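*Asks:* Below: one structure in structure tokens.
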2 protein chains.
Amino acid sequence: MPNIDLADERYRVQSVARAAALLELVADAGPQGLGVTEMAQGLGVAKSTALSLARTLAAAGLLRSLDVGARYGLGLNLLRLGDLASQQTSIGELGLPILHELSRATGMTARLAVNENGYPIFLERVDGGGPVRFHAPLGQREEPHCTAAGKAILAQMDEADVRRLIDEAGMRVHTPKTLSTVEDLLGDLERVRQVGFAIDDEEESEGVFCAGAAFFDHHGRCAGALSVTDLKLDVPLREVQALGLTVREHADRLSMALSGSSRAARR
Amino acid sequence: MPNIDLADERYRVQSVARAAALLELVADAGPQGLGVTEMAQGLGVAKSTALSLARTLAAAGLLRSLDVGARYGLGLNLLRLGDLASQQTSIGELGLPILHELSRATGMTARLAVNENGYPIFLERVDGGGPVRFHAPLGQREEPHCTAAGKAILAQMDEADVRRLIDEAGMRVHTPKTLSTVEDLLGDLERVRQVGFAIDDEEESEGVFCAGAAFFDHHGRCAGALSVTDLKLDVPLREVQALGLTVREHADRLSMALSGSSRAARR
DNA sequence: GTCGAGTGTTCGGCATAACAGAACGCTGGT
DNA sequence: ACCAGCGTTCTGTTATGCCGAACACTCGAC
């Protein structure tokens with residue numbers, strides 16, 4: 001898991017860092033949770049240490065004991081904090097209503113991603129009406145080269161930055177349609193700039209179609225992208241153009257909202 | 001805020017507890033975030049201590065520095081962890097489709113709460129089609145005595161437990177219609193058991209109407225409640241009975257999903 | 001332009017508090 | 001009945017997290 005933290009290495013507190021690592025460990029463990037022995041192994045500490053950490057986190061609601069005192073899973077306080085985190089990002093707050101409208105207008109699952117150094121991080125999701133649910137976790141950092149949101153963001157960067165980013169992120173191949181060379185990608189990004197929206201046509205996942213468009217903050221910098229997702233079967237080819245324009249139109253509305261017609265961005 | 005810790009007081013690690021308190025502090029601070037000095041004051045520690053905690057949390061993605069190294073807000077990793085927390089509860093996963101249907105069937109905002117020691121904690125929310133959005137944050141622990149979900153859950157507990165819980169939680173009065181004595185509440189709970197659903201008729205918030213019904217896990221224990229919310233203006237009095245039954249019916253379906261097959265255990 | 005009051009940051013030393021390890025009960029499988 | 005595995009408890013030791021004081025910087029007032 002590439003969790004690279006460019007923050008200052010100095011002034012770390014060991015037990016808190018271990019507690020955070022424990023949260024990740026439990027998150028990876030799945031619904032059945034983790035016992036102290038597993039925690040201790042995973043963290044490389046003594047059992048008693050793991051127990052102290054778990055108890056403390058549980059008291060704060062960041063973990064919860066599943067059985068009586070035995071195994072631990074993620075706590076429900078994380079839900080509240082996560083919800084607040086997306087609201088406080090203010091992009092999430094402003095974007096959520098627009099996301100609902102986009103979902104209703106297209107009948108598809110709509111998502112909002114913010115731009116973190118070129119990577120899309122999904123902040124909000126509104127499920128469409130259909131029977132199929134697309135199970136992309138919020139807060140997840142997606143790959144730039146094979147997702148609609150990622151390419152919509154890349155299309156706003158200059159070529160040198162794109163090359164540098166791809167050099168770092170790589171271009172993992174998921175399906176036969178995944179773009180696998182930088183030249184192919186750059187060509188596609190040029191197309192994105194012309195039409196104003198990006199397409200992911202089974203490039204990340206077989207049978208899944210996405211369309212995305214970037215939005216911009218009050219500095220005019222690309223702040224993120226909106227996207228819609230559905231089964232490719234349900235997206236008639238001749239409607240792709242209209243669909244893309246709908247996404248772009250909603251993204252433009254978010255850009256306007258962010259550029260401060262209503263909101264006092266000061267302070 | 002009453003953040004009661006029923007976990008064992010022993011074996012706590014101080015710095016982790018402080019870090020968790022810091023998360024709460026930042027959550028309360030709002031979008032502009034917190035500076036080191038404010039953190040230190042809020043926690044009652046030295047500035048350098050607060051800085052170490054914040055840096056460590058930021059490195060784990062639980063906080064993020066808003067400006068360059070100055071103020072801190074909630075981190076986006078919380079979003080991912082919160083999302084995973086609700087998925088791992090498996091009630092959320094099974095309940096979401098039913099929640100969508102309930103929202104569509106009623107046209108109202110539908111919510112799913114789990115039962116945490118008698119308190120309802122909202123895990124999922126699906127907004128209705130109407131123009132008004134009810135902005136209750138996910139993961140929030142609601143009051144038992146004045147919410148539909150809360151009373152639906154209370155109605156499944158025996159009287160002694162209800163008295164004990166109310167003794168702890170209190171019965172804050174929000175509107176003229178809020179039930180303010182335990183006897184009134186117990187009478188209402190008896191009515192809930194008879195009809196199979198609970199009503200919040202402007203008891204928590206003026207002008208807002210809710211209906212809720214409990215659902216049960218495979219042990220037959222009350223695992224939580226579904227509820228719908230709308231403006232009281234939009235809920236004709238004569239439709240309350242039908243509305244309540246619709247909510248109860250969806251709750252029963254969730255009970256069945258949770259128990260694997262049948263047995264909608266009602267005590 | 002100068003001063004100050006408010007930040008965030010750095011550093012070193014002391015005492016605390018966090019850690020490891022071994023021993024204790026418990027439960028469930030064989 | 002046994003052992004193997006778990007979660008839990010306790011005590012000593014030393015690393016570690018903590019404080020406080022001093023530093024660097026950014027504003028605003030005068």
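In the structure tokens, the first chain shown is A, the next is B, and so on; residue numbers restart at 1 for each chain, and ligands run from 1 in the order shown.
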Mind listing the strand (DSSP E) residues of range 90-248 of chain A, per DSSP on the backbone, as a ChimeraX atom specification?

*Replies:* /A:109-116,119-126,198-201,208-216,222-231

*Asks:* For those residues, write C-alpha atoms to a file as a PDB file, in the first residue's frame.

*Replies:*
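Full text of result.pdb as output:
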ATOM      1  CA  THR A 109     -24.163   6.516  -9.884  1.00  0.00           C
ATOM      2  CA  ALA A 110     -22.549   9.930  -9.533  1.00  0.00           C
ATOM      3  CA  ARG A 111     -19.297  10.622  -7.720  1.00  0.00           C
ATOM      4  CA  LEU A 112     -17.230  13.630  -6.756  1.00  0.00           C
ATOM      5  CA  ALA A 113     -13.447  13.440  -6.573  1.00  0.00           C
ATOM      6  CA  VAL A 114     -10.977  16.055  -5.386  1.00  0.00           C
ATOM      7  CA  ASN A 115      -7.617  16.594  -7.033  1.00  0.00           C
ATOM      8  CA  GLU A 116      -4.777  15.588  -4.755  1.00  0.00           C
ATOM      9  CA  TYR A 119      -4.751  11.781  -8.173  1.00  0.00           C
ATOM     10  CA  PRO A 120      -8.532  11.666  -7.805  1.00  0.00           C
ATOM     11  CA  ILE A 121      -9.807  10.997  -4.292  1.00  0.00           C
ATOM     12  CA  PHE A 122     -13.490  10.194  -4.123  1.00  0.00           C
ATOM     13  CA  LEU A 123     -15.214  12.355  -1.584  1.00  0.00           C
ATOM     14  CA  GLU A 124     -18.914  11.819  -2.189  1.00  0.00           C
ATOM     15  CA  ARG A 125     -21.065   9.269  -3.915  1.00  0.00           C
ATOM     16  CA  VAL A 126     -24.754   9.208  -4.837  1.00  0.00           C
ATOM     17  CA  ALA A 198     -13.365  12.302 -20.251  1.00  0.00           C
ATOM     18  CA  ILE A 199     -14.519   8.778 -21.029  1.00  0.00           C
ATOM     19  CA  ASP A 200     -13.580   5.519 -19.358  1.00  0.00           C
ATOM     20  CA  ASP A 201     -14.876   2.844 -21.712  1.00  0.00           C
ATOM     21  CA  VAL A 208     -18.238  -0.622 -16.740  1.00  0.00           C
ATOM     22  CA  PHE A 209     -18.556   2.767 -18.419  1.00  0.00           C
ATOM     23  CA  CYS A 210     -17.770   6.174 -16.887  1.00  0.00           C
ATOM     24  CA  ALA A 211     -17.824   9.789 -17.970  1.00  0.00           C
ATOM     25  CA  GLY A 212     -16.151  12.610 -16.047  1.00  0.00           C
ATOM     26  CA  ALA A 213     -15.522  16.339 -16.170  1.00  0.00           C
ATOM     27  CA  ALA A 214     -13.243  18.595 -14.170  1.00  0.00           C
ATOM     28  CA  PHE A 215     -14.286  21.507 -11.994  1.00  0.00           C
ATOM     29  CA  PHE A 216     -12.237  24.489 -10.813  1.00  0.00           C
ATOM     30  CA  CYS A 222      -8.497  22.205 -11.216  1.00  0.00           C
ATOM     31  CA  ALA A 223      -9.985  21.233  -7.865  1.00  0.00           C
ATOM     32  CA  GLY A 224     -11.416  17.856  -8.858  1.00  0.00           C
ATOM     33  CA  ALA A 225     -13.877  16.085 -11.134  1.00  0.00           C
ATOM     34  CA  LEU A 226     -17.415  14.803 -11.252  1.00  0.00           C
ATOM     35  CA  SER A 227     -18.126  11.448 -12.822  1.00  0.00           C
ATOM     36  CA  VAL A 228     -20.983   9.079 -13.529  1.00  0.00           C
ATOM     37  CA  THR A 229     -20.752   5.305 -13.687  1.00  0.00           C
ATOM     38  CA  ASP A 230     -22.962   2.563 -15.095  1.00  0.00           C
ATOM     39  CA  LEU A 231     -22.880  -0.766 -16.824  1.00  0.00           C
TER      40      LEU A 231
END

*Asks:* Please list as a list in words every residue within 8 Å of range 3-18 of chain D, counting only C-alpha atoms (C1' of nucleotides) and excluding residues in the same chain fewer than 2 positions away.

*Replies:*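 Near neighbours after the sequence-gap exclusion: Val13, Val36, Thr37 and Ala70 of chain A; Ser15 and Thr49 of chain B; DA17, DA18, DC24, DG25 and DT27 of chain C.
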
*Asks:* All C-alpha atoms, paired in order, least-squares superposition of chain A on chain B: what RMSD does that give?

*Replies:* 2.9 Å

*Asks:* Select all residues from chain B having any atom no more than 12 Å from an atom of chain C (counting only C-alpha atoms (C1' of nucleotides), ignoring ligands), output as a PyMOL selection string.

*Replies:* chain B and resi 11-16+35-38+47-52+68-71

*Asks:* Using C-alpha atoms, can you export the residues from the last selection as an mmCIF file, in the first residue's frame?

*Replies:*
data_model
loop_
_atom_site.group_PDB
_atom_site.id
_atom_site.type_symbol
_atom_site.label_atom_id
_atom_site.label_comp_id
_atom_site.auth_asym_id
_atom_site.auth_seq_id
_atom_site.Cartn_x
_atom_site.Cartn_y
_atom_site.Cartn_z
ATOM 1 C CA TYR B 11 -4.768 0.318 30.297
ATOM 2 C CA ARG B 12 -5.261 3.610 28.530
ATOM 3 C CA VAL B 13 -2.465 5.219 26.637
ATOM 4 C CA GLN B 14 -2.460 8.902 27.314
ATOM 5 C CA SER B 15 -1.123 10.244 24.056
ATOM 6 C CA VAL B 16 -3.586 8.228 21.994
ATOM 7 C CA GLY B 35 -4.093 26.312 14.888
ATOM 8 C CA VAL B 36 -1.586 24.857 17.287
ATOM 9 C CA THR B 37 -2.294 27.381 19.983
ATOM 10 C CA GLU B 38 -6.015 26.668 19.937
ATOM 11 C CA LYS B 47 1.900 23.926 22.313
ATOM 12 C CA SER B 48 4.778 21.671 21.417
ATOM 13 C CA THR B 49 2.775 18.649 22.527
ATOM 14 C CA ALA B 50 -0.171 19.683 20.412
ATOM 15 C CA LEU B 51 2.121 20.146 17.439
ATOM 16 C CA SER B 52 3.575 16.655 17.799
ATOM 17 C CA VAL B 68 1.151 25.249 4.489
ATOM 18 C CA GLY B 69 1.785 23.768 7.890
ATOM 19 C CA ALA B 70 -0.343 26.233 9.771
ATOM 20 C CA ARG B 71 -3.906 25.186 10.441
#

*Asks:* With 7 Å as the cut-off and only C-alpha atoms counted, what is the closest atom pair between each nearby residue of chain B and chain A? Distances in Å to one decimal, ordered by chain and number, as CSV.

*Replies:*
residue,atom,partner,partner_atom,distance
B:Asp5,CA,A:Ala59,CA,5.5
B:Ala7,CA,A:Ala59,CA,5.8
B:Tyr11,CA,A:Ser52,CA,5.0
B:Arg12,CA,A:Thr56,CA,5.1
B:Val13,CA,A:Thr56,CA,6.3
B:Ser15,CA,A:Val16,CA,6.5
B:Val16,CA,A:Val16,CA,5.1
B:Ala17,CA,A:Thr56,CA,6.1
B:Ala19,CA,A:Val16,CA,6.9
B:Ala20,CA,A:Ala60,CA,6.3
B:Ala27,CA,A:Leu84,CA,6.7
B:Gly30,CA,A:Gln88,CA,6.3
B:Pro31,CA,A:Gln88,CA,4.4
B:Ser52,CA,A:Tyr11,CA,5.0
B:Leu53,CA,A:Val13,CA,6.5
B:Arg55,CA,A:Arg12,CA,6.5
B:Thr56,CA,A:Arg12,CA,5.1
B:Ala59,CA,A:Asp5,CA,5.6
B:Ala60,CA,A:Ala20,CA,6.3
B:Leu74,CA,A:Ala85,CA,5.2
B:Gly75,CA,A:Ala85,CA,6.5
B:Leu76,CA,A:Gly139,CA,5.9
B:Asn77,CA,A:Gly139,CA,6.0
B:Leu78,CA,A:Gly82,CA,4.6
B:Leu79,CA,A:Gly82,CA,3.9
B:Arg80,CA,A:Gly139,CA,4.2
B:Leu81,CA,A:Leu78,CA,6.3
B:Gly82,CA,A:Leu79,CA,3.9
B:Asp83,CA,A:Leu138,CA,6.1
B:Leu84,CA,A:Ala27,CA,6.7
B:Ala85,CA,A:Leu74,CA,5.1
B:Gln88,CA,A:Pro31,CA,4.4
B:Thr89,CA,A:Pro31,CA,6.6
B:Pro137,CA,A:Arg80,CA,6.5
B:Leu138,CA,A:Arg80,CA,5.2
B:Gly139,CA,A:Arg80,CA,4.1
B:Gln140,CA,A:Arg80,CA,5.9

*Asks:* Give me the residues within 10 Å of Glu143 in chain B as a PyMOL selection string, counting only C-alpha atoms (C1' of nucleotides) and dropping any in the same chain fewer than 6 places off.

*Replies:* chain B and resi 118-121+149-151+166+169-172+204

*Asks:* Would you mind telling me which residue in D:DA29, D:DC2, D:DC19, D:DA24 lies nearest to chain B when using only C-alpha atoms (C1' of nucleotides)?

*Replies:* D:DC19

*Asks:* Pick out the closest residue to chain D from this set: B:Leu186, B:Leu34, B:Met39, B:Val45. Count only C-alpha atoms (C1' of nucleotides).

*Replies:*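 Once distances to chain D are computed over only C-alpha atoms (C1' of nucleotides), the minimum belongs to B:Val45.
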
*Asks:* What parts of range 1-144 of chain B does DSSP call alpha helix (DSSP H)? I'd like the answer as an MDAnalysis selection string.

*Replies:* chainID B and resid 14:29 36:43 47:59 77:88 91:106

*Asks:* Work out how far CA of Gly107 in chain B is from CA of Cys146 in chain B, in Å to one decimal.

*Replies:* 22.6 Å
